[in-house]
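Asker: Before anything else, here's the structure in question.
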Amino acid sequence: MLDVSRFDPVFDSQRVFRRILGCMARPGKVDFLVPEESGFAPDRAVVVVALTLLDEETTFAALGEGKDRLARFCSLIAGSRMVPSGQADFVFVSGAKACPEITDLCRGSLLFPDRGATVVCRVAALRSETHERGVRLRLRGPGVKGEASLGVAGLARENLAYLREANNEFPLGVDTILVSADGRVACIPRSARMAWD
Amino acid sequence: MPDKQAVRPGYNFAFLDEQTKKEIRRRILKAVAVPGYQVPFASRELPIAQGWGTGGLQLTLALVGPGDVVKVIDQGSDDVVNAVNIRRLLLQTTGVKTTEDTGAATLIQTRHRIPEERLREEQALVFQVPYPEPLRRVEPSEVKTREMHAEADYSRLWVFLYEDIVRWREITIGAQYPVLVNGRYVMDPSPIPRWDIPKLHMAANLNLFGAGREKRIYAVPPYTRVEPLAFEDHQFRVESFDGKHCAVCGSTASFLDELIDDHTGARRHTCSDVAYCAKRHQLLSENGPGAGRQTGNETGGGA
């Protein structure tokens with residue numbers, strides 16, 4: 001089981017939420033979820049996102065590598081219910097391998113677009129400039145002054161194409177929180193227009 | 001750093017329980033992802049009555065942390081009853097630092113004004129909203145207005161504005177002027193004066209709107225298009241204060257309140273944004289009359 005002993009449910013979740021919000025409001029912005037020097041386990045960033053946003057009112061699905069461990073964690077610690085990925089409020093995916101299920105996630109309805117899923121996608125690294133090992137995303141839309149650049153390592157180009165497909169009918173779509181193994185976060189809300197090299 | 005002495009014992013940090021905060025936080029993220037769309041939320045009971053800023057307050061309580069510096073204004077003033085009560089509630093349940101200086105605040109809760117000082121990227125502005133639905137004036141049914149938003153069918157609102165012009169040669173909506181957000185959703189900007197509408201367009205800061213009684217949260221992210229509804233041959237105009245100036249600081253580029261003297265009947269004007277006025281007044285008294293020179297509406301509004 002993942003370690004939650006150092007997570008303060010009041011103050012850590014407030015801090016983590018504000019950072020996620022800062023990134024959701026400014027696509028392309030990269031922030032730290034956990035202190036860089038703390039020597040956390042690679043999954044710690046995913047864990048703090050789950051502890052901040054999930055509870056017994058929410059449903060989730062876990063896909064890709066490490067899904068069983070994450071599923072156990074979300075049901076037991078966060079109290080969230082596991083459902084098929086097409087119905088889940090939160091979907092945890094591993095970015096490195098192609099995940100075609102992304103195109104079948106809940107995108108909300110025109111009456112209630114807010115019911116679209118939130119994708120929590122694990123990647124290797126996030127940088128606001130180009131990352132030498134990764135793909136460079138160019139983002140436009142609300143929250144971006146002109147064009148924002150986001151360097152992501154460990155995110156398959158197929159998954160970017162799936163995300164773009166899931167979000168091609170605004171206001172329907174999914175909102176993505178990218179969390180990296182080195183504890184950083186960046187967001188791609190459905191309102192963002194996305195291109196990559 | 002938080003003031004532990006001010007905090008009353010027996011309450012969770014920021015009054016609300018953690019599950020309530022979580023729900024509000026999830027709604028805020030969706031509101032930001034779909035700019036201008038009204039996200040339903042549970043809306044809890046608070047120790048102030050609905051209609052007195054419970055929507056804005058719930059947003060502030062879900063956002064605030066020990067590192068924040070909070071400012072609360074009501075119609076531009078930090079010192080009127082609604083603002084004072086909300087600020088005291090925040091102080092007594094969080095111990096967070098409060099300020100009247102717009103520039104020093106990280107989180108600003110407001111009723112019906114946007115500060116005159118231009119907000120920065122790292123600041124968030126939380127609006128108290130009485131009626132979140134801009135289509136309510138043309139359609140009483142929530143089911144129908146939701147459909148109209150779904151289909152981006154705003155024709156009846158356009159007809160309403162057109163008929164207003166036919167009848168009065170002017171769109172008679174003063175405060176609460178409907179705006180189009182990111183070219184998709186028509187949004188009620190809360191009852192801010194027209195003067196403040198241009199400040200929402202491509203603002204550097206995050207704007208969050210909370211309606212407690214109506215149980216809705218919506219948002220305008222930074223750098224987002226916000227266009228007041230207008231016709232090609234009938235442009236949107238802000239309030240005109242031509243020939244008037246603030247009696248305290250001399251400002252000719254801020255939103256002015258008119259004051260009438262009970263005894264003499266004399267009229268004078270003062271800045272609605274009291275903190276802005278005080279800052280200018282101090283600047284003038286320290287550096288002489290040249291210091292507060294203005295170059296038109298500092299927020300890009302322009303009368």
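Convention: chains lettered A, B, ... in structure tokens order; per-chain residue numbering from 1; ligands numbered from 1 as shown.
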Skipping near chain neighbours, those fewer than 5 positions away, what residues fall within 8 Å of Gly143 (chain A) using only C-alpha atoms, listed as an NGL selection string?
Answerer: (:A and (25-27)) or (:B and (221-224))
Asker: I need the chosen residues saved as a PDB file, in the first residue's frame, with all heavy atoms.
Answerer:
ATOM      1  N   ALA A  25      -6.089  26.463 -14.470  1.00  0.00           N
ATOM      2  CA  ALA A  25      -6.444  27.791 -14.954  1.00  0.00           C
ATOM      3  C   ALA A  25      -5.403  28.332 -15.938  1.00  0.00           C
ATOM      4  O   ALA A  25      -5.663  29.307 -16.636  1.00  0.00           O
ATOM      5  CB  ALA A  25      -6.616  28.757 -13.789  1.00  0.00           C
ATOM      6  N   ARG A  26      -4.212  27.710 -15.968  1.00  0.00           N
ATOM      7  CA  ARG A  26      -3.143  28.156 -16.862  1.00  0.00           C
ATOM      8  C   ARG A  26      -2.508  26.956 -17.544  1.00  0.00           C
ATOM      9  O   ARG A  26      -1.437  26.502 -17.147  1.00  0.00           O
ATOM     10  CB  ARG A  26      -2.073  28.921 -16.075  1.00  0.00           C
ATOM     11  CG  ARG A  26      -2.601  30.214 -15.508  1.00  0.00           C
ATOM     12  CD  ARG A  26      -1.579  30.906 -14.635  1.00  0.00           C
ATOM     13  NE  ARG A  26      -2.136  32.138 -14.128  1.00  0.00           N
ATOM     14  CZ  ARG A  26      -2.998  32.208 -13.115  1.00  0.00           C
ATOM     15  NH1 ARG A  26      -3.351  31.097 -12.490  1.00  0.00           N
ATOM     16  NH2 ARG A  26      -3.477  33.364 -12.725  1.00  0.00           N
ATOM     17  N   PRO A  27      -3.173  26.425 -18.586  1.00  0.00           N
ATOM     18  CA  PRO A  27      -2.632  25.244 -19.261  1.00  0.00           C
ATOM     19  C   PRO A  27      -1.171  25.473 -19.660  1.00  0.00           C
ATOM     20  O   PRO A  27      -0.837  26.544 -20.169  1.00  0.00           O
ATOM     21  CB  PRO A  27      -3.523  25.113 -20.498  1.00  0.00           C
ATOM     22  CG  PRO A  27      -4.804  25.785 -20.109  1.00  0.00           C
ATOM     23  CD  PRO A  27      -4.417  26.911 -19.197  1.00  0.00           C
TER      24      PRO A  27
ATOM     25  N   PRO B 221     -11.293  31.852 -16.461  1.00  0.00           N
ATOM     26  CA  PRO B 221      -9.843  31.707 -16.265  1.00  0.00           C
ATOM     27  C   PRO B 221      -9.099  32.959 -16.742  1.00  0.00           C
ATOM     28  O   PRO B 221      -9.687  33.817 -17.397  1.00  0.00           O
ATOM     29  CB  PRO B 221      -9.483  30.502 -17.146  1.00  0.00           C
ATOM     30  CG  PRO B 221     -10.767  29.861 -17.526  1.00  0.00           C
ATOM     31  CD  PRO B 221     -11.815  30.924 -17.462  1.00  0.00           C
ATOM     32  N   PRO B 222      -7.819  33.075 -16.407  1.00  0.00           N
ATOM     33  CA  PRO B 222      -7.033  34.206 -16.911  1.00  0.00           C
ATOM     34  C   PRO B 222      -6.992  34.180 -18.441  1.00  0.00           C
ATOM     35  O   PRO B 222      -7.173  33.125 -19.037  1.00  0.00           O
ATOM     36  CB  PRO B 222      -5.627  33.961 -16.350  1.00  0.00           C
ATOM     37  CG  PRO B 222      -5.767  32.894 -15.336  1.00  0.00           C
ATOM     38  CD  PRO B 222      -7.012  32.134 -15.644  1.00  0.00           C
ATOM     39  N   TYR B 223      -6.734  35.307 -19.035  1.00  0.00           N
ATOM     40  CA  TYR B 223      -6.553  35.412 -20.493  1.00  0.00           C
ATOM     41  C   TYR B 223      -7.668  34.717 -21.265  1.00  0.00           C
ATOM     42  O   TYR B 223      -7.431  33.863 -22.125  1.00  0.00           O
ATOM     43  CB  TYR B 223      -5.174  34.869 -20.893  1.00  0.00           C
ATOM     44  CG  TYR B 223      -4.064  35.529 -20.121  1.00  0.00           C
ATOM     45  CD1 TYR B 223      -3.252  34.806 -19.239  1.00  0.00           C
ATOM     46  CD2 TYR B 223      -3.847  36.898 -20.229  1.00  0.00           C
ATOM     47  CE1 TYR B 223      -2.259  35.426 -18.505  1.00  0.00           C
ATOM     48  CE2 TYR B 223      -2.861  37.522 -19.507  1.00  0.00           C
ATOM     49  CZ  TYR B 223      -2.077  36.786 -18.643  1.00  0.00           C
ATOM     50  OH  TYR B 223      -1.102  37.404 -17.914  1.00  0.00           O
ATOM     51  N   THR B 224      -8.895  35.055 -20.903  1.00  0.00           N
ATOM     52  CA  THR B 224     -10.063  34.491 -21.567  1.00  0.00           C
ATOM     53  C   THR B 224     -10.897  35.637 -22.127  1.00  0.00           C
ATOM     54  O   THR B 224     -11.029  36.680 -21.493  1.00  0.00           O
ATOM     55  CB  THR B 224     -10.895  33.679 -20.552  1.00  0.00           C
ATOM     56  OG1 THR B 224     -10.074  32.628 -20.050  1.00  0.00           O
ATOM     57  CG2 THR B 224     -12.135  33.087 -21.192  1.00  0.00           C
TER      58      THR B 224
END
Asker: What residues in chain A lie within 9 Å of chain B, counting only C-alpha atoms, written as a compact mmCIF listing (two decimals) with all heavy atoms, in the first residue's frame?
Answerer:
# COMPACT_ATOMS: atom_id res chain seq x y z
N PRO A 9 -4.71 15.87 5.86
CA PRO A 9 -5.94 15.98 5.09
C PRO A 9 -6.47 17.41 5.00
O PRO A 9 -7.23 17.73 4.08
CB PRO A 9 -6.93 15.08 5.83
CG PRO A 9 -6.33 14.82 7.16
CD PRO A 9 -4.85 14.99 7.04
N VAL A 10 -6.12 18.28 5.91
CA VAL A 10 -6.60 19.66 5.86
C VAL A 10 -5.64 20.53 5.05
O VAL A 10 -6.00 21.12 4.03
CB VAL A 10 -6.79 20.24 7.26
CG1 VAL A 10 -7.23 21.70 7.18
CG2 VAL A 10 -7.80 19.42 8.05
N PHE A 11 -4.40 20.60 5.49
CA PHE A 11 -3.49 21.61 4.92
C PHE A 11 -2.79 21.12 3.65
O PHE A 11 -2.59 21.90 2.72
CB PHE A 11 -2.48 22.06 5.97
CG PHE A 11 -3.16 22.76 7.11
CD1 PHE A 11 -3.34 22.13 8.34
CD2 PHE A 11 -3.67 24.03 6.94
CE1 PHE A 11 -4.00 22.77 9.37
CE2 PHE A 11 -4.34 24.68 7.97
CZ PHE A 11 -4.50 24.05 9.19
N SER A 13 -4.08 18.93 1.51
CA SER A 13 -5.04 18.89 0.40
C SER A 13 -5.35 20.31 -0.08
O SER A 13 -5.54 20.53 -1.27
CB SER A 13 -6.31 18.13 0.78
OG SER A 13 -6.92 18.70 1.88
N GLN A 14 -5.36 21.28 0.84
CA GLN A 14 -5.58 22.68 0.42
C GLN A 14 -4.45 23.14 -0.51
O GLN A 14 -4.69 23.73 -1.57
CB GLN A 14 -5.66 23.59 1.65
CG GLN A 14 -6.01 25.04 1.35
CD GLN A 14 -4.81 25.92 1.02
OE1 GLN A 14 -3.68 25.58 1.37
NE2 GLN A 14 -5.06 27.00 0.33
N ARG A 15 -3.23 22.86 -0.10
CA ARG A 15 -2.07 23.29 -0.89
C ARG A 15 -2.03 22.60 -2.25
O ARG A 15 -1.82 23.24 -3.29
CB ARG A 15 -0.80 22.96 -0.08
CG ARG A 15 0.49 23.50 -0.64
CD ARG A 15 1.66 23.12 0.28
NE ARG A 15 1.64 21.71 0.66
CZ ARG A 15 2.06 20.71 -0.12
NH1 ARG A 15 2.54 20.98 -1.32
NH2 ARG A 15 1.98 19.47 0.29
N PHE A 17 -4.57 21.26 -3.85
CA PHE A 17 -5.69 21.76 -4.67
C PHE A 17 -5.35 23.08 -5.33
O PHE A 17 -5.58 23.29 -6.52
CB PHE A 17 -6.96 21.91 -3.84
CG PHE A 17 -8.00 22.75 -4.54
CD1 PHE A 17 -8.63 22.28 -5.68
CD2 PHE A 17 -8.31 24.02 -4.08
CE1 PHE A 17 -9.55 23.07 -6.35
CE2 PHE A 17 -9.23 24.80 -4.75
CZ PHE A 17 -9.85 24.34 -5.88
N ARG A 18 -4.78 24.01 -4.56
CA ARG A 18 -4.47 25.33 -5.12
C ARG A 18 -3.46 25.22 -6.26
O ARG A 18 -3.52 25.97 -7.24
CB ARG A 18 -3.94 26.25 -4.03
CG ARG A 18 -5.04 26.83 -3.16
CD ARG A 18 -5.91 27.84 -3.91
NE ARG A 18 -5.25 29.12 -4.03
CZ ARG A 18 -5.26 30.06 -3.10
NH1 ARG A 18 -5.93 29.86 -1.98
NH2 ARG A 18 -4.63 31.18 -3.29
N ILE A 20 -3.06 22.50 -8.24
CA ILE A 20 -3.77 21.93 -9.38
C ILE A 20 -4.63 23.00 -10.04
O ILE A 20 -4.65 23.15 -11.26
CB ILE A 20 -4.66 20.73 -8.95
CG1 ILE A 20 -3.80 19.59 -8.41
CG2 ILE A 20 -5.48 20.23 -10.13
CD1 ILE A 20 -4.61 18.46 -7.78
N LEU A 21 -5.32 23.79 -9.23
CA LEU A 21 -6.18 24.86 -9.75
C LEU A 21 -5.36 25.86 -10.56
O LEU A 21 -5.76 26.28 -11.65
CB LEU A 21 -6.91 25.58 -8.61
CG LEU A 21 -7.76 26.79 -9.00
CD1 LEU A 21 -8.88 26.40 -9.95
CD2 LEU A 21 -8.31 27.49 -7.76
N GLY A 22 -4.20 26.24 -10.02
CA GLY A 22 -3.31 27.17 -10.73
C GLY A 22 -2.93 26.64 -12.10
O GLY A 22 -2.86 27.39 -13.08
N MET A 24 -4.70 24.21 -13.79
CA MET A 24 -5.90 24.04 -14.61
C MET A 24 -6.30 25.38 -15.22
O MET A 24 -6.79 25.44 -16.35
CB MET A 24 -7.04 23.47 -13.76
CG MET A 24 -8.23 22.96 -14.55
SD MET A 24 -7.86 21.56 -15.62
CE MET A 24 -8.13 20.18 -14.52
N ALA A 25 -6.09 26.46 -14.47
CA ALA A 25 -6.44 27.79 -14.95
C ALA A 25 -5.40 28.33 -15.94
O ALA A 25 -5.66 29.31 -16.64
CB ALA A 25 -6.62 28.76 -13.79
N ARG A 26 -4.21 27.71 -15.97
CA ARG A 26 -3.14 28.16 -16.86
C ARG A 26 -2.51 26.96 -17.54
O ARG A 26 -1.44 26.50 -17.15
CB ARG A 26 -2.07 28.92 -16.08
CG ARG A 26 -2.60 30.21 -15.51
CD ARG A 26 -1.58 30.91 -14.64
NE ARG A 26 -2.14 32.14 -14.13
CZ ARG A 26 -3.00 32.21 -13.11
NH1 ARG A 26 -3.35 31.10 -12.49
NH2 ARG A 26 -3.48 33.36 -12.72
N THR A 52 -6.54 14.38 -2.45
CA THR A 52 -7.08 15.74 -2.49
C THR A 52 -8.47 15.79 -3.12
O THR A 52 -9.31 16.58 -2.70
CB THR A 52 -6.11 16.66 -3.26
OG1 THR A 52 -4.86 16.66 -2.57
CG2 THR A 52 -6.62 18.08 -3.35
N LEU A 53 -8.71 14.97 -4.14
CA LEU A 53 -9.95 15.13 -4.91
C LEU A 53 -10.97 14.00 -4.74
O LEU A 53 -12.16 14.20 -4.95
CB LEU A 53 -9.61 15.28 -6.40
CG LEU A 53 -8.80 16.53 -6.76
CD1 LEU A 53 -8.44 16.52 -8.23
CD2 LEU A 53 -9.56 17.80 -6.42
N LEU A 54 -10.52 12.80 -4.37
CA LEU A 54 -11.44 11.67 -4.31
C LEU A 54 -12.03 11.50 -2.92
O LEU A 54 -11.36 11.75 -1.91
CB LEU A 54 -10.72 10.37 -4.70
CG LEU A 54 -10.77 9.98 -6.18
CD1 LEU A 54 -10.11 11.03 -7.03
CD2 LEU A 54 -10.14 8.63 -6.41
N ASP A 55 -13.27 11.05 -2.87
CA ASP A 55 -13.88 10.61 -1.62
C ASP A 55 -15.01 9.65 -1.96
O ASP A 55 -15.14 9.21 -3.11
CB ASP A 55 -14.35 11.79 -0.77
CG ASP A 55 -15.40 12.63 -1.48
OD1 ASP A 55 -16.01 12.13 -2.44
OD2 ASP A 55 -15.61 13.79 -1.07
N GLU A 57 -18.00 10.05 -2.50
CA GLU A 57 -19.00 10.53 -3.47
C GLU A 57 -18.53 10.33 -4.91
O GLU A 57 -19.31 10.52 -5.84
CB GLU A 57 -19.25 12.03 -3.27
CG GLU A 57 -20.04 12.34 -2.03
CD GLU A 57 -20.17 13.84 -1.82
OE1 GLU A 57 -20.05 14.60 -2.80
OE2 GLU A 57 -20.39 14.24 -0.68
N SER A 109 -22.61 15.65 -20.80
CA SER A 109 -23.65 15.87 -21.80
C SER A 109 -23.72 17.37 -22.07
O SER A 109 -23.14 18.16 -21.32
CB SER A 109 -24.99 15.37 -21.26
OG SER A 109 -25.36 16.14 -20.13
N LEU A 110 -24.41 17.76 -23.12
CA LEU A 110 -24.53 19.19 -23.40
C LEU A 110 -25.25 19.91 -22.26
O LEU A 110 -24.96 21.07 -21.97
CB LEU A 110 -25.26 19.42 -24.72
CG LEU A 110 -24.41 19.19 -25.97
CD1 LEU A 110 -25.26 19.23 -27.22
CD2 LEU A 110 -23.29 20.23 -26.07
N LEU A 111 -26.17 19.19 -21.59
CA LEU A 111 -26.85 19.81 -20.45
C LEU A 111 -25.93 19.90 -19.25
O LEU A 111 -25.99 20.87 -18.49
CB LEU A 111 -28.10 19.00 -20.09
CG LEU A 111 -29.25 19.02 -21.09
CD1 LEU A 111 -30.38 18.11 -20.62
CD2 LEU A 111 -29.77 20.44 -21.27
N PHE A 112 -25.10 18.88 -19.05
CA PHE A 112 -24.20 18.86 -17.90
C PHE A 112 -22.77 18.48 -18.33
O PHE A 112 -22.30 17.38 -18.03
CB PHE A 112 -24.70 17.86 -16.84
CG PHE A 112 -25.99 18.28 -16.19
CD1 PHE A 112 -27.20 17.80 -16.65
CD2 PHE A 112 -25.98 19.17 -15.12
CE1 PHE A 112 -28.39 18.19 -16.05
CE2 PHE A 112 -27.17 19.57 -14.53
CZ PHE A 112 -28.38 19.08 -14.99
N PRO A 113 -22.09 19.38 -19.02
CA PRO A 113 -20.73 19.04 -19.46
C PRO A 113 -19.76 18.81 -18.30
O PRO A 113 -18.74 18.14 -18.47
CB PRO A 113 -20.31 20.27 -20.30
CG PRO A 113 -21.24 21.36 -19.90
CD PRO A 113 -22.51 20.70 -19.48
N ASP A 114 -20.11 19.34 -17.10
CA ASP A 114 -19.22 19.16 -15.95
C ASP A 114 -19.12 17.69 -15.53
O ASP A 114 -18.26 17.34 -14.73
CB ASP A 114 -19.70 20.00 -14.76
CG ASP A 114 -21.15 19.72 -14.41
OD1 ASP A 114 -22.02 19.91 -15.28
OD2 ASP A 114 -21.41 19.29 -13.27
N ARG A 115 -20.01 16.83 -16.06
CA ARG A 115 -19.93 15.42 -15.70
C ARG A 115 -18.86 14.68 -16.49
O ARG A 115 -18.67 13.48 -16.29
CB ARG A 115 -21.30 14.76 -15.89
CG ARG A 115 -22.30 15.30 -14.88
CD ARG A 115 -23.67 14.68 -15.03
NE ARG A 115 -24.60 15.33 -14.11
CZ ARG A 115 -25.93 15.22 -14.17
NH1 ARG A 115 -26.47 14.47 -15.11
NH2 ARG A 115 -26.69 15.84 -13.30
N GLY A 116 -18.18 15.36 -17.39
CA GLY A 116 -17.06 14.74 -18.09
C GLY A 116 -15.98 14.33 -17.09
O GLY A 116 -15.80 14.96 -16.06
N THR A 118 -12.36 13.37 -15.22
CA THR A 118 -11.04 13.95 -15.01
C THR A 118 -10.01 12.83 -15.16
O THR A 118 -10.11 11.81 -14.49
CB THR A 118 -10.92 14.56 -13.60
OG1 THR A 118 -11.96 15.53 -13.43
CG2 THR A 118 -9.56 15.23 -13.41
N GLY A 141 -5.75 28.79 -25.92
CA GLY A 141 -7.11 28.79 -25.38
C GLY A 141 -7.18 29.53 -24.06
O GLY A 141 -6.22 30.19 -23.65
N PRO A 142 -8.33 29.42 -23.35
CA PRO A 142 -8.49 30.12 -22.08
C PRO A 142 -7.37 29.78 -21.10
O PRO A 142 -7.00 28.61 -20.97
CB PRO A 142 -9.84 29.60 -21.56
CG PRO A 142 -10.58 29.19 -22.77
CD PRO A 142 -9.56 28.68 -23.74
N GLY A 143 -6.85 30.79 -20.44
CA GLY A 143 -5.77 30.59 -19.47
C GLY A 143 -4.39 30.75 -20.07
O GLY A 143 -3.39 30.79 -19.35
N VAL A 144 -4.32 30.83 -21.40
CA VAL A 144 -3.02 30.95 -22.06
C VAL A 144 -2.93 32.30 -22.76
O VAL A 144 -3.81 32.66 -23.53
CB VAL A 144 -2.82 29.83 -23.10
CG1 VAL A 144 -1.44 29.94 -23.71
CG2 VAL A 144 -3.03 28.47 -22.48
N LYS A 145 -1.86 33.02 -22.45
CA LYS A 145 -1.60 34.29 -23.14
C LYS A 145 -0.83 33.93 -24.40
O LYS A 145 0.35 33.55 -24.31
CB LYS A 145 -0.78 35.17 -22.22
CG LYS A 145 -0.68 36.61 -22.64
CD LYS A 145 0.16 37.35 -21.61
CE LYS A 145 0.20 38.83 -21.91
NZ LYS A 145 1.02 39.53 -20.91
N GLY A 146 -1.47 33.97 -25.53
CA GLY A 146 -0.82 33.56 -26.78
C GLY A 146 -0.73 32.05 -26.86
O GLY A 146 -1.73 31.36 -26.97
N PHE A 170 -16.16 20.60 -27.83
CA PHE A 170 -16.40 21.46 -26.67
C PHE A 170 -17.86 21.90 -26.65
O PHE A 170 -18.40 22.19 -27.71
CB PHE A 170 -15.45 22.68 -26.76
CG PHE A 170 -15.49 23.54 -25.55
CD1 PHE A 170 -14.67 23.25 -24.47
CD2 PHE A 170 -16.35 24.62 -25.47
CE1 PHE A 170 -14.72 24.04 -23.33
CE2 PHE A 170 -16.41 25.39 -24.33
CZ PHE A 170 -15.58 25.11 -23.26
N PRO A 171 -18.55 21.94 -25.51
CA PRO A 171 -18.04 21.81 -24.14
C PRO A 171 -17.95 20.38 -23.62
O PRO A 171 -17.65 20.19 -22.45
CB PRO A 171 -19.08 22.59 -23.34
CG PRO A 171 -20.34 22.40 -24.10
CD PRO A 171 -19.95 22.36 -25.54
N LEU A 172 -18.22 19.37 -24.46
CA LEU A 172 -18.03 18.00 -24.01
C LEU A 172 -16.54 17.70 -23.95
O LEU A 172 -15.77 18.24 -24.74
CB LEU A 172 -18.72 17.02 -24.97
CG LEU A 172 -20.20 17.25 -25.24
CD1 LEU A 172 -20.76 16.13 -26.12
CD2 LEU A 172 -20.98 17.32 -23.94
N VAL A 174 -12.96 15.73 -21.62
CA VAL A 174 -12.32 15.32 -20.36
C VAL A 174 -11.22 16.32 -20.02
O VAL A 174 -10.66 16.95 -20.91
CB VAL A 174 -11.73 13.89 -20.48
CG1 VAL A 174 -12.82 12.87 -20.78
CG2 VAL A 174 -10.63 13.83 -21.53
N ASP A 175 -10.96 16.47 -18.74
CA ASP A 175 -9.92 17.39 -18.28
C ASP A 175 -8.78 16.56 -17.70
O ASP A 175 -9.01 15.64 -16.93
CB ASP A 175 -10.51 18.33 -17.23
CG ASP A 175 -11.79 18.98 -17.76
OD1 ASP A 175 -11.72 19.58 -18.84
OD2 ASP A 175 -12.83 18.83 -17.11
N ILE A 188 -4.28 19.93 -18.66
CA ILE A 188 -4.82 20.22 -20.00
C ILE A 188 -6.34 20.18 -19.88
O ILE A 188 -6.94 19.11 -19.99
CB ILE A 188 -4.34 19.19 -21.05
CG1 ILE A 188 -2.82 19.03 -21.00
CG2 ILE A 188 -4.80 19.61 -22.44
CD1 ILE A 188 -2.30 17.90 -21.88
N PRO A 189 -6.99 21.33 -19.59
CA PRO A 189 -8.45 21.33 -19.56
C PRO A 189 -9.00 21.11 -20.96
O PRO A 189 -8.28 21.30 -21.95
CB PRO A 189 -8.79 22.73 -19.04
CG PRO A 189 -7.61 23.57 -19.41
CD PRO A 189 -6.42 22.66 -19.37
N ARG A 190 -10.27 20.71 -21.04
CA ARG A 190 -10.86 20.41 -22.35
C ARG A 190 -10.91 21.64 -23.24
O ARG A 190 -11.02 21.53 -24.46
CB ARG A 190 -12.26 19.83 -22.16
CG ARG A 190 -13.26 20.84 -21.66
CD ARG A 190 -14.58 20.20 -21.32
NE ARG A 190 -14.50 19.47 -20.06
CZ ARG A 190 -15.55 18.88 -19.49
NH1 ARG A 190 -16.72 18.91 -20.08
NH2 ARG A 190 -15.43 18.25 -18.35
N SER A 191 -10.85 22.85 -22.63
CA SER A 191 -10.93 24.08 -23.42
C SER A 191 -9.63 24.37 -24.16
O SER A 191 -9.60 25.24 -25.02
CB SER A 191 -11.25 25.26 -22.49
OG SER A 191 -10.26 25.35 -21.48
N ALA A 192 -8.55 23.65 -23.84
CA ALA A 192 -7.25 23.94 -24.47
C ALA A 192 -7.17 23.32 -25.86
O ALA A 192 -7.61 22.19 -26.07
CB ALA A 192 -6.13 23.39 -23.59
Asker: Residues of region 164-251 of chain B classed as strand (DSSP E or B) by DSSP on the backbone are to be reported as a PyMOL selection string.
Answerer: chain B and resi 179-181+185-187+206-211+216-220+226-228+231+234
Asker: Which one is closest to His234 (chain B): B:Cys277, B:Val179, B:Leu200, B:Leu161? Count only C-alpha atoms.
Answerer: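 So, comparing all the options, the nearest one is B:Leu161.
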Asker: Write out as a list in words which residues come within 9 Å of Lys29 (chain A) when counting only C-alpha atoms, dropping same-chain ones fewer than 6 positions away.
Answerer: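 My reading of the contact set: Gly22, Cys23, Arg127, Ser128, Ala148, Ser149, Leu150, Val185, Ala186 and Cys187 of chain A.
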Asker: For Thr270 (chain B), work out the shell of residues within 10 Å, counting only C-alpha atoms and skipping chain neighbours fewer than 5 positions away, then give it as a list in words.
Answerer: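 The residues satisfying every condition are Lys244, His245, Cys246, Ala247, Val248, Cys249, Gly250, Ser251, Thr252, Ser254, Phe255, Leu256, Asp257, Glu258, Leu259 and Cys277 of chain B.
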Asker: Give me, as a list in words, all polymer residues having an atom no more than 8 Å from Val123 (chain A), counting only C-alpha atoms and skipping those fewer than 5 positions away in the same chain.
Answerer: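 What passes the distance filter is Ser94, Gly95, Ala96, Val152, Ala153, Gly154, Leu155, Leu178, Val179, Ser180 and Ala181 of chain A.
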Asker: Please indicate the distance in Å from CA of Ala49 (chain B) to CA of Trp195 (chain B), rounded to one decimal place.
Answerer: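 It comes out at 28.7 Å.
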Asker: One number please: CA of Arg111 (chain B) to CA of Phe127 (chain B), in Å, one decimal.
Answerer: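 CA of Phe127 (chain B) lies 6.0 Å from CA of Arg111 (chain B).
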Asker: Could you jot down the CA of Cys121 (chain A) to CA of Ile177 (chain A) separation for me, Å, one decimal place?
Answerer: 6.1 Å
Asker: Contacts of Leu157 (chain B) at 10 Å or less, counting only C-alpha atoms, minus same-chain residues fewer than 6 places along, as a list in words?
Answerer: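 Within the cut-off, the hits are Pro134, Leu135, Arg136, Arg137, Val138, Glu139, Glu163, Pro178, Val186 and Leu229 of chain B.
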Asker: Take the selection from the previous step and output its residues with N, CA and C atoms, as a tab-separated table (two decimals), in the first residue's frame.
Answerer:
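The new file out.tsv reads:
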chain	number	residue	atom	x	y	z
B	134	PRO	N	-28.04	34.29	-16.56
B	134	PRO	CA	-28.28	35.50	-17.35
B	134	PRO	C	-29.56	35.41	-18.18
B	135	LEU	N	-30.06	34.19	-18.40
B	135	LEU	CA	-31.27	34.03	-19.22
B	135	LEU	C	-32.54	34.10	-18.39
B	136	ARG	N	-32.39	34.26	-17.06
B	136	ARG	CA	-33.57	34.24	-16.22
B	136	ARG	C	-34.53	35.37	-16.56
B	137	ARG	N	-34.00	36.51	-17.04
B	137	ARG	CA	-34.89	37.62	-17.34
B	137	ARG	C	-35.77	37.35	-18.56
B	138	VAL	N	-35.40	36.33	-19.37
B	138	VAL	CA	-36.27	36.00	-20.51
B	138	VAL	C	-36.92	34.63	-20.37
B	139	GLU	N	-36.49	33.80	-19.40
B	139	GLU	CA	-37.04	32.45	-19.27
B	139	GLU	C	-37.02	32.02	-17.80
B	163	GLU	N	-35.18	44.84	-28.23
B	163	GLU	CA	-36.42	45.55	-27.88
B	163	GLU	C	-36.15	46.70	-26.90
B	178	PRO	N	-24.96	41.16	-19.32
B	178	PRO	CA	-24.58	39.82	-19.80
B	178	PRO	C	-23.35	39.85	-20.72
B	186	VAL	N	-23.03	32.45	-22.55
B	186	VAL	CA	-23.42	33.75	-22.02
B	186	VAL	C	-23.44	33.63	-20.51
B	229	LEU	N	-22.47	41.63	-24.50
B	229	LEU	CA	-23.36	41.49	-25.66
B	229	LEU	C	-23.68	42.88	-26.20
